[in-house]
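Listing of model-v4.cif, mmCIF, C-alpha atoms
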```
data_final
#
loop_
_atom_site.label_atom_id
_atom_site.label_comp_id
_atom_site.auth_asym_id
_atom_site.auth_seq_id
_atom_site.Cartn_x
_atom_site.Cartn_y
_atom_site.Cartn_z
CA MET A 29 -57.53 -34.81 65.62
CA LYS A 30 -59.42 -37.55 63.80
CA LYS A 31 -58.16 -40.62 65.67
CA ASP A 32 -60.66 -42.96 63.96
CA VAL A 33 -59.01 -42.31 60.56
CA LEU A 34 -55.57 -43.12 61.97
CA ARG A 35 -56.83 -46.19 63.84
CA ASP A 36 -58.44 -47.66 60.72
CA ALA A 37 -55.22 -47.19 58.73
CA ILE A 38 -53.15 -48.79 61.51
CA LYS A 39 -55.55 -51.76 61.63
CA GLN A 40 -55.14 -52.39 57.91
CA ALA A 41 -51.36 -51.88 58.04
CA LYS A 42 -51.13 -54.49 60.82
CA LYS A 43 -53.06 -56.98 58.69
CA SER A 44 -50.60 -56.46 55.82
CA VAL A 45 -47.61 -56.92 58.11
CA LYS A 46 -49.16 -60.12 59.50
CA ILE A 47 -49.63 -61.53 56.01
CA GLY A 48 -46.05 -60.44 55.30
CA HIS A 49 -46.35 -60.83 51.54
CA ILE A 50 -44.15 -58.60 49.38
CA LEU A 51 -45.88 -57.80 46.08
CA THR A 52 -44.21 -58.92 42.89
CA LYS A 53 -44.13 -56.59 39.88
CA GLU A 54 -46.80 -58.71 38.18
CA GLU A 55 -49.11 -58.48 41.20
CA ALA A 56 -48.54 -54.72 41.42
CA ILE A 57 -49.48 -54.31 37.75
CA LYS A 58 -52.60 -56.45 38.18
CA GLU A 59 -53.72 -54.47 41.26
CA SER A 60 -52.90 -51.16 39.54
CA LEU A 61 -55.11 -52.00 36.57
CA GLU A 62 -57.96 -53.13 38.83
CA LEU A 63 -57.70 -49.85 40.75
CA MET A 64 -57.80 -47.86 37.49
CA ASP A 65 -60.76 -49.84 36.21
CA ARG A 66 -62.96 -49.26 39.23
CA ALA A 67 -62.03 -45.61 39.96
CA LYS A 68 -64.65 -42.94 39.25
CA ILE A 69 -62.17 -40.07 39.39
CA CYS A 70 -58.41 -39.58 39.40
CA MET A 71 -56.18 -36.64 40.18
CA LEU A 72 -54.07 -34.75 37.64
CA SER A 73 -51.12 -32.75 38.95
CA THR A 74 -49.35 -30.11 36.87
CA ASN A 75 -46.53 -27.64 37.42
CA GLY A 76 -47.97 -24.22 38.22
CA ALA A 77 -46.70 -21.03 36.57
CA ASP A 78 -45.84 -19.70 40.03
CA GLY A 79 -43.71 -22.78 40.87
CA PHE A 80 -46.40 -24.39 43.02
CA PRO A 81 -47.78 -27.76 41.89
CA GLY A 82 -51.53 -27.91 41.31
CA ILE A 83 -54.05 -30.77 41.54
CA LYS A 84 -57.47 -31.24 40.03
CA ALA A 85 -59.79 -34.25 40.07
CA LEU A 86 -60.95 -35.37 36.64
CA LEU A 87 -63.43 -38.02 35.57
CA ASN A 88 -61.80 -41.38 34.94
CA VAL A 89 -63.50 -42.18 31.65
CA LYS A 90 -60.90 -43.90 29.48
CA HIS A 91 -57.47 -45.49 29.78
CA ASP A 92 -55.37 -47.99 27.87
CA GLY A 93 -53.71 -50.13 30.52
CA TYR A 94 -51.54 -47.92 32.72
CA LYS A 95 -49.77 -46.34 29.75
CA LYS A 96 -52.41 -43.93 28.45
CA VAL A 97 -55.20 -41.98 30.16
CA TRP A 98 -57.60 -39.62 28.39
CA PHE A 99 -59.56 -36.75 29.93
CA SER A 100 -62.03 -34.25 28.53
CA THR A 101 -61.65 -30.65 29.69
CA ASN A 102 -62.24 -27.01 28.82
CA THR A 103 -59.62 -25.53 26.47
CA SER A 104 -59.98 -22.21 28.32
CA SER A 105 -59.10 -23.74 31.70
CA ASN A 106 -55.94 -22.70 33.52
CA ARG A 107 -54.80 -26.30 33.42
CA VAL A 108 -54.76 -26.49 29.62
CA GLN A 109 -53.01 -23.12 29.37
CA ARG A 110 -50.36 -24.37 31.78
CA LEU A 111 -49.92 -27.70 29.97
CA LYS A 112 -49.17 -25.80 26.75
CA GLN A 113 -46.15 -24.30 28.53
CA ASP A 114 -45.11 -27.36 30.52
CA ASN A 115 -46.60 -30.77 29.72
CA ARG A 116 -45.03 -32.69 32.62
CA ALA A 117 -47.70 -34.15 34.87
CA SER A 118 -48.74 -36.97 37.12
CA VAL A 119 -51.99 -38.90 37.45
CA TYR A 120 -52.97 -40.45 40.76
CA TYR A 121 -55.54 -43.12 41.56
CA VAL A 122 -56.48 -43.94 45.13
CA ASP A 123 -58.90 -46.19 46.99
CA GLU A 124 -59.48 -44.71 50.43
CA ASN A 125 -60.92 -47.96 51.75
CA THR A 126 -58.08 -50.30 50.80
CA TYR A 127 -55.27 -47.67 50.94
CA GLN A 128 -54.11 -48.60 47.45
CA GLY A 129 -52.52 -45.78 45.47
CA LEU A 130 -51.11 -45.55 41.97
CA LEU A 131 -48.92 -42.67 40.81
CA LEU A 132 -48.31 -42.42 37.07
CA THR A 133 -45.69 -39.89 35.98
CA GLY A 134 -45.50 -38.67 32.39
CA THR A 135 -46.55 -36.03 29.89
CA VAL A 136 -49.80 -34.66 28.47
CA GLU A 137 -50.73 -33.97 24.86
CA ILE A 138 -53.64 -31.60 24.13
CA LEU A 139 -55.84 -32.97 21.34
CA GLN A 140 -58.63 -31.34 19.33
CA ASP A 141 -58.96 -33.70 16.37
CA ILE A 142 -62.43 -35.02 15.65
CA LYS A 143 -61.53 -38.66 16.35
CA SER A 144 -60.35 -37.85 19.89
CA ARG A 145 -63.31 -35.50 20.47
CA LYS A 146 -65.82 -38.16 19.44
CA MET A 147 -64.06 -40.82 21.50
CA LEU A 148 -64.86 -39.06 24.79
CA TRP A 149 -68.18 -37.49 23.76
CA THR A 150 -71.51 -38.55 25.21
CA ASP A 151 -75.08 -37.23 25.01
CA GLY A 152 -75.54 -34.27 27.33
CA ALA A 153 -71.87 -33.20 27.31
CA GLU A 154 -73.18 -29.89 25.91
CA ILE A 155 -73.54 -28.88 29.55
CA TYR A 156 -69.74 -28.46 29.52
CA TYR A 157 -69.28 -27.66 25.81
CA PRO A 158 -72.39 -25.80 24.57
CA LYS A 159 -71.28 -25.78 20.92
CA GLY A 160 -71.19 -29.56 20.84
CA VAL A 161 -68.48 -32.00 19.82
CA ASN A 162 -66.70 -29.34 17.74
CA ASP A 163 -66.78 -26.66 20.46
CA PRO A 164 -63.35 -24.94 20.42
CA ASP A 165 -63.56 -24.93 24.22
CA TYR A 166 -63.55 -28.76 24.22
CA SER A 167 -60.13 -30.42 24.44
CA VAL A 168 -59.02 -33.96 25.06
CA LEU A 169 -55.97 -34.48 27.26
CA CYS A 170 -53.95 -37.57 26.46
CA PHE A 171 -51.59 -38.51 29.28
CA THR A 172 -48.73 -40.91 28.53
CA ALA A 173 -47.07 -42.54 31.54
CA LYS A 174 -43.30 -43.02 31.76
CA LYS A 175 -43.11 -44.40 35.30
CA CYS A 176 -45.49 -46.09 37.73
CA ASN A 177 -45.36 -46.21 41.53
CA TYR A 178 -47.86 -48.53 43.13
CA TYR A 179 -48.45 -48.26 46.89
CA HIS A 180 -50.09 -50.96 48.96
CA ALA A 181 -48.35 -51.65 52.27
CA GLY A 182 -45.07 -50.95 50.46
CA ILE A 183 -44.01 -49.51 47.12
CA VAL A 184 -43.46 -51.22 43.78
CA THR A 185 -41.96 -49.01 41.07
CA PHE A 186 -42.02 -50.11 37.46
CA ASP A 187 -41.01 -48.39 34.27
CA ILE A 188 -43.12 -48.44 31.15
CA GLU A 189 -41.79 -50.88 28.57
CA MET B 16 -64.94 -45.77 27.82
CA LYS B 17 -66.85 -45.52 31.11
CA LYS B 18 -70.00 -43.71 29.97
CA ASP B 19 -71.75 -44.20 33.34
CA VAL B 20 -69.12 -42.02 35.08
CA LEU B 21 -69.63 -39.24 32.53
CA ARG B 22 -73.43 -39.55 32.62
CA ASP B 23 -73.52 -39.23 36.41
CA ALA B 24 -71.35 -36.09 36.30
CA ILE B 25 -73.53 -34.56 33.56
CA LYS B 26 -76.67 -35.28 35.59
CA GLN B 27 -75.27 -33.46 38.61
CA ALA B 28 -73.96 -30.56 36.50
CA LYS B 29 -77.42 -30.13 34.98
CA LYS B 30 -78.96 -29.95 38.45
CA SER B 31 -76.51 -27.18 39.42
CA VAL B 32 -77.24 -25.22 36.25
CA LYS B 33 -80.98 -25.56 36.92
CA ILE B 34 -80.58 -24.19 40.44
CA GLY B 35 -78.39 -21.47 38.93
CA HIS B 36 -76.98 -20.32 42.23
CA ILE B 37 -73.50 -18.76 42.19
CA LEU B 38 -71.67 -19.48 45.43
CA THR B 39 -70.64 -16.55 47.57
CA LYS B 40 -67.21 -16.54 49.21
CA GLU B 41 -68.83 -17.28 52.59
CA GLU B 42 -70.70 -20.29 51.20
CA ALA B 43 -67.52 -21.55 49.51
CA ILE B 44 -65.62 -21.32 52.81
CA LYS B 45 -68.40 -23.13 54.67
CA GLU B 46 -68.54 -25.94 52.09
CA SER B 47 -64.72 -26.16 52.00
CA LEU B 48 -64.53 -26.67 55.75
CA GLU B 49 -67.30 -29.29 55.68
CA LEU B 50 -65.43 -31.14 52.92
CA MET B 51 -62.20 -31.04 54.96
CA ASP B 52 -63.99 -32.21 58.10
CA ARG B 53 -65.52 -35.30 56.52
CA ALA B 54 -62.60 -36.37 54.29
CA LYS B 55 -60.70 -39.51 55.28
CA ILE B 56 -57.73 -38.75 53.03
CA CYS B 57 -56.38 -35.84 51.03
CA MET B 58 -53.74 -35.53 48.34
CA LEU B 59 -50.38 -33.79 48.76
CA SER B 60 -48.61 -32.63 45.62
CA THR B 61 -44.94 -31.66 45.59
CA ASN B 62 -42.42 -30.58 42.95
CA GLY B 63 -40.32 -33.58 41.91
CA ALA B 64 -36.52 -33.38 41.59
CA ASP B 65 -36.90 -34.37 37.94
CA GLY B 66 -39.33 -31.51 37.21
CA PHE B 67 -42.41 -33.71 37.30
CA PRO B 68 -45.03 -33.01 39.97
CA GLY B 69 -45.82 -35.90 42.33
CA ILE B 70 -48.95 -36.80 44.28
CA LYS B 71 -49.48 -38.96 47.35
CA ALA B 72 -52.60 -39.56 49.42
CA LEU B 73 -52.16 -38.93 53.12
CA LEU B 74 -54.48 -39.48 56.07
CA ASN B 75 -56.56 -36.42 56.87
CA VAL B 76 -56.06 -36.41 60.62
CA LYS B 77 -55.77 -32.77 61.68
CA HIS B 78 -56.38 -29.32 60.29
CA ASP B 79 -56.99 -25.83 61.63
CA GLY B 80 -59.66 -24.36 59.37
CA TYR B 81 -58.34 -24.24 55.82
CA LYS B 82 -55.12 -22.50 56.83
CA LYS B 83 -53.13 -25.36 58.39
CA VAL B 84 -53.06 -29.10 57.73
CA TRP B 85 -50.83 -31.59 59.55
CA PHE B 86 -49.68 -34.99 58.34
CA SER B 87 -47.52 -37.71 59.86
CA THR B 88 -44.99 -39.36 57.56
CA ASN B 89 -41.66 -41.19 57.38
CA THR B 90 -38.63 -38.89 57.51
CA SER B 91 -36.84 -41.25 55.12
CA SER B 92 -39.56 -40.96 52.44
CA ASN B 93 -38.75 -39.38 49.09
CA ARG B 94 -41.46 -36.79 49.78
CA VAL B 95 -39.73 -35.43 52.90
CA GLN B 96 -36.35 -35.39 51.17
CA ARG B 97 -37.91 -33.38 48.31
CA LEU B 98 -39.71 -30.96 50.65
CA LYS B 99 -36.36 -30.15 52.28
CA GLN B 100 -35.20 -28.86 48.87
CA ASP B 101 -38.48 -27.27 47.75
CA ASN B 102 -41.30 -26.76 50.23
CA ARG B 103 -43.92 -25.53 47.75
CA ALA B 104 -46.92 -27.84 47.70
CA SER B 105 -50.64 -28.18 47.31
CA VAL B 106 -53.23 -30.15 49.25
CA TYR B 107 -56.40 -31.35 47.55
CA TYR B 108 -59.67 -32.58 49.02
CA VAL B 109 -62.32 -34.16 46.85
CA ASP B 110 -65.74 -35.79 47.27
CA GLU B 111 -66.31 -38.03 44.28
CA ASN B 112 -70.04 -38.24 44.98
CA THR B 113 -70.80 -34.52 45.12
CA TYR B 114 -67.97 -33.37 42.79
CA GLN B 115 -66.76 -30.86 45.35
CA GLY B 116 -63.03 -30.15 45.25
CA LEU B 117 -60.76 -27.94 47.33
CA LEU B 118 -57.23 -27.01 46.27
CA LEU B 119 -55.04 -25.40 48.90
CA THR B 120 -51.74 -23.98 47.68
CA GLY B 121 -48.92 -23.20 50.11
CA THR B 122 -45.76 -24.43 51.79
CA VAL B 123 -44.75 -27.29 54.08
CA GLU B 124 -42.66 -27.21 57.23
CA ILE B 125 -41.04 -30.44 58.46
CA LEU B 126 -41.38 -30.76 62.24
CA GLN B 127 -39.75 -33.17 64.69
CA ASP B 128 -40.34 -31.43 68.02
CA ILE B 129 -41.98 -33.52 70.73
CA LYS B 130 -45.13 -31.39 70.91
CA SER B 131 -45.88 -31.90 67.20
CA ARG B 132 -44.96 -35.60 67.41
CA LYS B 133 -47.31 -36.17 70.34
CA MET B 134 -50.09 -34.20 68.69
CA LEU B 135 -50.43 -36.72 65.84
CA TRP B 136 -49.46 -39.85 67.77
CA THR B 137 -51.89 -42.63 68.57
CA ASP B 138 -51.61 -46.14 70.05
CA GLY B 139 -50.39 -48.57 67.42
CA ALA B 140 -48.55 -45.99 65.31
CA GLU B 141 -45.42 -48.11 66.00
CA ILE B 142 -46.46 -50.03 62.88
CA TYR B 143 -45.12 -47.03 60.93
CA TYR B 144 -42.53 -45.79 63.45
CA PRO B 145 -41.15 -48.83 65.37
CA LYS B 146 -39.07 -46.73 67.79
CA GLY B 147 -42.17 -44.94 69.04
CA VAL B 148 -43.03 -41.27 69.32
CA ASN B 149 -39.33 -40.29 69.29
CA ASP B 150 -38.45 -42.43 66.24
CA PRO B 151 -36.11 -40.31 64.04
CA ASP B 152 -38.03 -41.72 61.07
CA TYR B 153 -41.23 -40.02 62.31
CA SER B 154 -41.85 -36.50 60.99
CA VAL B 155 -44.84 -34.19 61.11
CA LEU B 156 -45.56 -32.13 58.01
CA CYS B 157 -47.25 -28.80 58.68
CA PHE B 158 -48.82 -27.34 55.54
CA THR B 159 -49.73 -23.65 55.54
CA ALA B 160 -52.14 -22.51 52.82
CA LYS B 161 -51.69 -19.22 50.96
CA LYS B 162 -54.53 -19.61 48.46
CA CYS B 163 -57.74 -21.63 48.20
CA ASN B 164 -59.65 -22.70 45.09
CA TYR B 165 -63.01 -24.29 45.77
CA TYR B 166 -64.78 -26.12 42.93
CA HIS B 167 -68.45 -26.97 42.94
CA ALA B 168 -70.21 -26.26 39.64
CA GLY B 169 -67.88 -23.27 39.26
CA ILE B 170 -64.80 -21.95 40.99
CA VAL B 171 -64.45 -19.65 43.97
CA THR B 172 -60.89 -18.48 44.72
CA PHE B 173 -60.06 -16.88 48.02
CA ASP B 174 -56.81 -15.75 49.56
CA ILE B 175 -55.88 -16.47 53.14
CA GLU B 176 -56.28 -13.47 55.40
#
```

So that I can check it, write out the structure of this file as structure tokens.
Amino acid sequence: MKKDVLRDAIKQAKKSVKIGHILTKEEAIKESLELMDRAKICMLSTNGADGFPGIKALLNVKHDGYKKVWFSTNTSSNRVQRLKQDNRASVYYVDENTYQGLLLTGTVEILQDIKSRKMLWTDGAEIYYPKGVNDPDYSVLCFTAKKCNYYHAGIVTFDIE
Amino acid sequence: MKKDVLRDAIKQAKKSVKIGHILTKEEAIKESLELMDRAKICMLSTNGADGFPGIKALLNVKHDGYKKVWFSTNTSSNRVQRLKQDNRASVYYVDENTYQGLLLTGTVEILQDIKSRKMLWTDGAEIYYPKGVNDPDYSVLCFTAKKCNYYHAGIVTFDIE
């Protein structure tokens, strides 16, 4: 049992209770965007073919506010094959030091047009896609959020307008 | 577009390709357990009532190898209510610096017996469960893994024996 992990969380929770401030929707949106901006990775969850949900960390390289998030991935991956059958997904951002979490729920579109490919391409990406920017095994996932849940000593839920 | 995030990942991927070592199952298990031991948090994914998968970070306080993971949570939370209907879940550990990831797929049991409660209790946990160790709003989630996928410059999948 890792008591230090629990103790640290309790310490921070106590601070929040002491401050006693309930986040407004505007504050939650501001904190959500800051969390998204500084995150190196985020988690993508999809519905598995066997009925079990799956999770995979992906590089957090591009987003448009909290409404759109783009990822680059291998077309041949299980994830892409699954998303072709069922495009419902969630994207999760977390800061393990501040205990802030952001859950975006929505759908994923699989893109292979040249504009999307070039948008996420960078020198050296051939390590993942040996045939370059036009590699058929290179796909861009475009996630569109429908709902946001922001967690920071409480929950603020907001729909996408 | 955060090119620095992508560049760092490419740099590490190139190193792995250069080394060219394919992980054995034994090495994957060893690295998985090390990842679980040092993680402060992990992600729990569940099937949402609306058909969308959900994710939530939870404190990584106790596990028995890669077969069992325990979490403490509020009985009244949406997550617990959902798990009562559908206990299929996955637990994900990630190290954003080394790009190691571990996906455990399995099921969750909701426990409220005193032994389980005491096992995860620590001084100060009243901040989450004001009525103490017997608070009806305090539940212990026991996740049992059926399958493991370990990612580190490639994938190693192993079933639970």

Transformed chain A, reference chain B, in-order C-alpha pairing, as a compact mmCIF listing (two decimals) with C-alpha atoms, in the frame of the given file:
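Generated output (selection27.txt):
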```txt
# COMPACT_ATOMS: atom_id res chain seq x y z
CA MET A 29 -64.97 -45.75 27.81
CA LYS A 30 -66.85 -45.52 31.10
CA LYS A 31 -70.00 -43.72 29.97
CA ASP A 32 -71.76 -44.21 33.33
CA VAL A 33 -69.14 -42.02 35.07
CA LEU A 34 -69.63 -39.24 32.51
CA ARG A 35 -73.43 -39.54 32.61
CA ASP A 36 -73.54 -39.22 36.41
CA ALA A 37 -71.36 -36.09 36.29
CA ILE A 38 -73.53 -34.56 33.55
CA LYS A 39 -76.67 -35.29 35.59
CA GLN A 40 -75.28 -33.46 38.61
CA ALA A 41 -73.96 -30.57 36.50
CA LYS A 42 -77.44 -30.12 34.98
CA LYS A 43 -78.97 -29.94 38.46
CA SER A 44 -76.51 -27.18 39.42
CA VAL A 45 -77.25 -25.22 36.25
CA LYS A 46 -81.00 -25.55 36.92
CA ILE A 47 -80.59 -24.18 40.44
CA GLY A 48 -78.43 -21.45 38.91
CA HIS A 49 -76.99 -20.30 42.23
CA ILE A 50 -73.52 -18.75 42.18
CA LEU A 51 -71.68 -19.48 45.44
CA THR A 52 -70.63 -16.55 47.57
CA LYS A 53 -67.20 -16.54 49.21
CA GLU A 54 -68.81 -17.28 52.58
CA GLU A 55 -70.68 -20.29 51.19
CA ALA A 56 -67.50 -21.55 49.51
CA ILE A 57 -65.61 -21.33 52.80
CA LYS A 58 -68.39 -23.12 54.67
CA GLU A 59 -68.53 -25.94 52.08
CA SER A 60 -64.72 -26.16 52.00
CA LEU A 61 -64.53 -26.67 55.75
CA GLU A 62 -67.30 -29.28 55.68
CA LEU A 63 -65.43 -31.14 52.93
CA MET A 64 -62.20 -31.05 54.97
CA ASP A 65 -63.98 -32.23 58.10
CA ARG A 66 -65.52 -35.31 56.54
CA ALA A 67 -62.60 -36.38 54.30
CA LYS A 68 -60.68 -39.53 55.29
CA ILE A 69 -57.73 -38.77 53.03
CA CYS A 70 -56.37 -35.85 51.03
CA MET A 71 -53.73 -35.55 48.35
CA LEU A 72 -50.38 -33.79 48.76
CA SER A 73 -48.60 -32.64 45.61
CA THR A 74 -44.93 -31.66 45.57
CA ASN A 75 -42.43 -30.58 42.95
CA GLY A 76 -40.32 -33.56 41.89
CA ALA A 77 -36.53 -33.37 41.57
CA ASP A 78 -36.89 -34.37 37.91
CA GLY A 79 -39.34 -31.50 37.19
CA PHE A 80 -42.41 -33.73 37.29
CA PRO A 81 -45.02 -33.02 39.98
CA GLY A 82 -45.82 -35.90 42.32
CA ILE A 83 -48.96 -36.81 44.30
CA LYS A 84 -49.48 -38.97 47.34
CA ALA A 85 -52.60 -39.58 49.42
CA LEU A 86 -52.15 -38.94 53.13
CA LEU A 87 -54.47 -39.49 56.07
CA ASN A 88 -56.56 -36.44 56.88
CA VAL A 89 -56.05 -36.43 60.63
CA LYS A 90 -55.77 -32.79 61.68
CA HIS A 91 -56.37 -29.32 60.28
CA ASP A 92 -57.00 -25.84 61.62
CA GLY A 93 -59.66 -24.36 59.36
CA TYR A 94 -58.34 -24.24 55.80
CA LYS A 95 -55.12 -22.50 56.83
CA LYS A 96 -53.14 -25.35 58.39
CA VAL A 97 -53.05 -29.10 57.73
CA TRP A 98 -50.82 -31.58 59.56
CA PHE A 99 -49.68 -34.99 58.34
CA SER A 100 -47.53 -37.71 59.86
CA THR A 101 -44.99 -39.36 57.56
CA ASN A 102 -41.68 -41.18 57.37
CA THR A 103 -38.63 -38.89 57.51
CA SER A 104 -36.85 -41.26 55.11
CA SER A 105 -39.56 -40.95 52.44
CA ASN A 106 -38.78 -39.36 49.09
CA ARG A 107 -41.45 -36.78 49.78
CA VAL A 108 -39.74 -35.43 52.90
CA GLN A 109 -36.36 -35.38 51.16
CA ARG A 110 -37.91 -33.39 48.32
CA LEU A 111 -39.70 -30.96 50.65
CA LYS A 112 -36.35 -30.13 52.28
CA GLN A 113 -35.20 -28.85 48.87
CA ASP A 114 -38.46 -27.27 47.75
CA ASN A 115 -41.30 -26.74 50.24
CA ARG A 116 -43.92 -25.52 47.75
CA ALA A 117 -46.91 -27.84 47.70
CA SER A 118 -50.63 -28.19 47.31
CA VAL A 119 -53.23 -30.16 49.25
CA TYR A 120 -56.39 -31.36 47.56
CA TYR A 121 -59.66 -32.59 49.03
CA VAL A 122 -62.32 -34.17 46.86
CA ASP A 123 -65.72 -35.80 47.27
CA GLU A 124 -66.31 -38.06 44.29
CA ASN A 125 -70.04 -38.25 44.98
CA THR A 126 -70.81 -34.53 45.12
CA TYR A 127 -67.97 -33.39 42.78
CA GLN A 128 -66.75 -30.88 45.35
CA GLY A 129 -63.02 -30.16 45.26
CA LEU A 130 -60.76 -27.94 47.33
CA LEU A 131 -57.24 -27.01 46.26
CA LEU A 132 -55.05 -25.40 48.91
CA THR A 133 -51.74 -23.98 47.69
CA GLY A 134 -48.92 -23.19 50.11
CA THR A 135 -45.76 -24.43 51.79
CA VAL A 136 -44.75 -27.29 54.08
CA GLU A 137 -42.64 -27.20 57.23
CA ILE A 138 -41.04 -30.44 58.47
CA LEU A 139 -41.38 -30.77 62.25
CA GLN A 140 -39.75 -33.17 64.71
CA ASP A 141 -40.35 -31.43 68.03
CA ILE A 142 -41.98 -33.51 70.74
CA LYS A 143 -45.14 -31.38 70.92
CA SER A 144 -45.89 -31.90 67.21
CA ARG A 145 -44.96 -35.60 67.42
CA LYS A 146 -47.32 -36.18 70.35
CA MET A 147 -50.10 -34.20 68.68
CA LEU A 148 -50.44 -36.72 65.84
CA TRP A 149 -49.46 -39.86 67.78
CA THR A 150 -51.90 -42.64 68.58
CA ASP A 151 -51.60 -46.14 70.05
CA GLY A 152 -50.38 -48.59 67.43
CA ALA A 153 -48.55 -46.00 65.31
CA GLU A 154 -45.43 -48.10 66.00
CA ILE A 155 -46.46 -50.03 62.90
CA TYR A 156 -45.13 -47.04 60.94
CA TYR A 157 -42.53 -45.80 63.46
CA PRO A 158 -41.16 -48.82 65.37
CA LYS A 159 -39.08 -46.72 67.78
CA GLY A 160 -42.18 -44.94 69.03
CA VAL A 161 -43.03 -41.26 69.33
CA ASN A 162 -39.34 -40.28 69.28
CA ASP A 163 -38.45 -42.42 66.24
CA PRO A 164 -36.13 -40.30 64.04
CA ASP A 165 -38.03 -41.71 61.06
CA TYR A 166 -41.22 -40.01 62.31
CA SER A 167 -41.85 -36.49 61.00
CA VAL A 168 -44.83 -34.19 61.11
CA LEU A 169 -45.57 -32.13 58.01
CA CYS A 170 -47.25 -28.81 58.68
CA PHE A 171 -48.81 -27.34 55.55
CA THR A 172 -49.72 -23.64 55.54
CA ALA A 173 -52.13 -22.51 52.83
CA LYS A 174 -51.69 -19.22 50.96
CA LYS A 175 -54.52 -19.60 48.45
CA CYS A 176 -57.72 -21.63 48.20
CA ASN A 177 -59.64 -22.70 45.09
CA TYR A 178 -63.00 -24.28 45.77
CA TYR A 179 -64.76 -26.12 42.93
CA HIS A 180 -68.44 -26.96 42.93
CA ALA A 181 -70.19 -26.28 39.63
CA GLY A 182 -67.89 -23.26 39.26
CA ILE A 183 -64.79 -21.93 40.98
CA VAL A 184 -64.45 -19.63 43.98
CA THR A 185 -60.90 -18.47 44.72
CA PHE A 186 -60.07 -16.86 48.03
CA ASP A 187 -56.82 -15.74 49.56
CA ILE A 188 -55.87 -16.47 53.14
CA GLU A 189 -56.31 -13.44 55.37
```

List as a compact mmCIF listing (two decimals) with C-alpha atoms, keeping the file's coordinate frame the protein and nucleic acid residues near Glu124 (chain B), meaning an atom at most 9 Å away when only C-alpha atoms are counted, but skip any in the same chain fewer than 4 places from it.
```txt
# COMPACT_ATOMS: atom_id res chain seq x y z
CA LEU B 98 -39.71 -30.96 50.65
CA LYS B 99 -36.36 -30.15 52.28
CA ASN B 102 -41.30 -26.76 50.23
CA VAL B 155 -44.84 -34.19 61.11
CA LEU B 156 -45.56 -32.13 58.01
CA CYS B 157 -47.25 -28.80 58.68
CA PHE B 158 -48.82 -27.34 55.54
CA THR B 159 -49.73 -23.65 55.54
```

Residues selected by the PyMOL selection byres ((chain A and resi 97) around 10), written as a PyMOL selection string: chain A and resi 64+88-96+98-99+119+132+136+169-173

Within 6 Å of chain A: residues of chain B, using all atoms listed in the file, as a PDB file with C-alpha atoms, in the coordinates of the input:
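Dumped to selection-v5.pdb:
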```
ATOM      1  CA  MET B  16     -64.940 -45.770  27.820  1.00  0.00           C
ATOM      2  CA  LYS B  17     -66.850 -45.520  31.110  1.00  0.00           C
ATOM      3  CA  PHE B  67     -42.410 -33.710  37.300  1.00  0.00           C
ATOM      4  CA  PRO B  68     -45.030 -33.010  39.970  1.00  0.00           C
ATOM      5  CA  VAL B  76     -56.060 -36.410  60.620  1.00  0.00           C
ATOM      6  CA  LYS B  77     -55.770 -32.770  61.680  1.00  0.00           C
ATOM      7  CA  ARG B 103     -43.920 -25.530  47.750  1.00  0.00           C
ATOM      8  CA  ALA B 104     -46.920 -27.840  47.700  1.00  0.00           C
TER       9      ALA B 104
END
```

Between CA of Thr126 (chain A) and CA of Leu51 (chain A) - distance in Å to one decimal: 15.1 Å

Residues in the PyMOL selection byres ((chain A and resi 50) around 9), expressed as a list in words: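 So the PyMOL selection byres ((chain A and resi 50) around 9) ends up selecting Gly48, His49, Leu51, Thr52, Ala181 and Gly182 of chain A.
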
Distance criterion (only C-alpha atoms): nearest to Ala77 (chain A) out of A:Ser167, A:Ser60, A:Gln113, A:Ser105: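 Smallest separation from Ala77 (chain A) among the options: A:Gln113.
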
Computed interatomic separation between CA of Asp174 (chain B) and CA of Arg110 (chain A) (Å):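 Calculated distance between CA of Asp174 (chain B) and CA of Arg110 (chain A) is 20.8 Å.
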
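Atom pair CA of Lys162 (chain B) / CA of Asn93 (chain B): separated by 25.3 Å.
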
Explicit residues for the PyMOL selection byres ((chain A and resi 56) around 10) (as a list in words):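 Output from the PyMOL selection byres ((chain A and resi 56) around 10), applied to this file: Ile50, Leu51, Thr52, Lys53, Glu54, Glu55, Ile57, Lys58, Glu59, Ser60, Leu61, Glu62, Leu130, Cys176, Asn177, Tyr178, Tyr179, His180, Ile183, Val184, Thr185 and Phe186 of chain A.
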
With all atoms of region 137-155 of chain B from the file as input, state the centre and edge lengths in Å to one decimal of the axis-aligned box that has 6 Å extra on each side, as JSON.
```
{"center_x": -44.0, "center_y": -42.1, "center_z": 65.5, "size_x": 27.8, "size_y": 27.8, "size_z": 21.1}
```

Serialized region 140-144 of chain A w/ N, CA and C atoms as a PDB file, in the first residue's frame:
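Written file, decode.pdb:
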```pdb
ATOM      1  N   GLN A 140      -7.285  10.887 -44.068  1.00  0.00           N
ATOM      2  CA  GLN A 140      -6.066  10.545 -44.813  1.00  0.00           C
ATOM      3  C   GLN A 140      -5.796  11.556 -45.933  1.00  0.00           C
ATOM      4  N   ASP A 141      -6.518  12.669 -45.898  1.00  0.00           N
ATOM      5  CA  ASP A 141      -6.289  13.694 -46.931  1.00  0.00           C
ATOM      6  C   ASP A 141      -4.932  14.367 -46.702  1.00  0.00           C
ATOM      7  N   ILE A 142      -4.376  14.904 -47.754  1.00  0.00           N
ATOM      8  CA  ILE A 142      -3.015  15.435 -47.685  1.00  0.00           C
ATOM      9  C   ILE A 142      -2.893  16.633 -46.735  1.00  0.00           C
ATOM     10  N   LYS A 143      -3.949  17.443 -46.669  1.00  0.00           N
ATOM     11  CA  LYS A 143      -3.912  18.621 -45.786  1.00  0.00           C
ATOM     12  C   LYS A 143      -3.771  18.181 -44.311  1.00  0.00           C
ATOM     13  N   SER A 144      -4.562  17.200 -43.924  1.00  0.00           N
ATOM     14  CA  SER A 144      -4.496  16.703 -42.540  1.00  0.00           C
ATOM     15  C   SER A 144      -3.154  16.030 -42.279  1.00  0.00           C
TER      16      SER A 144
END
```
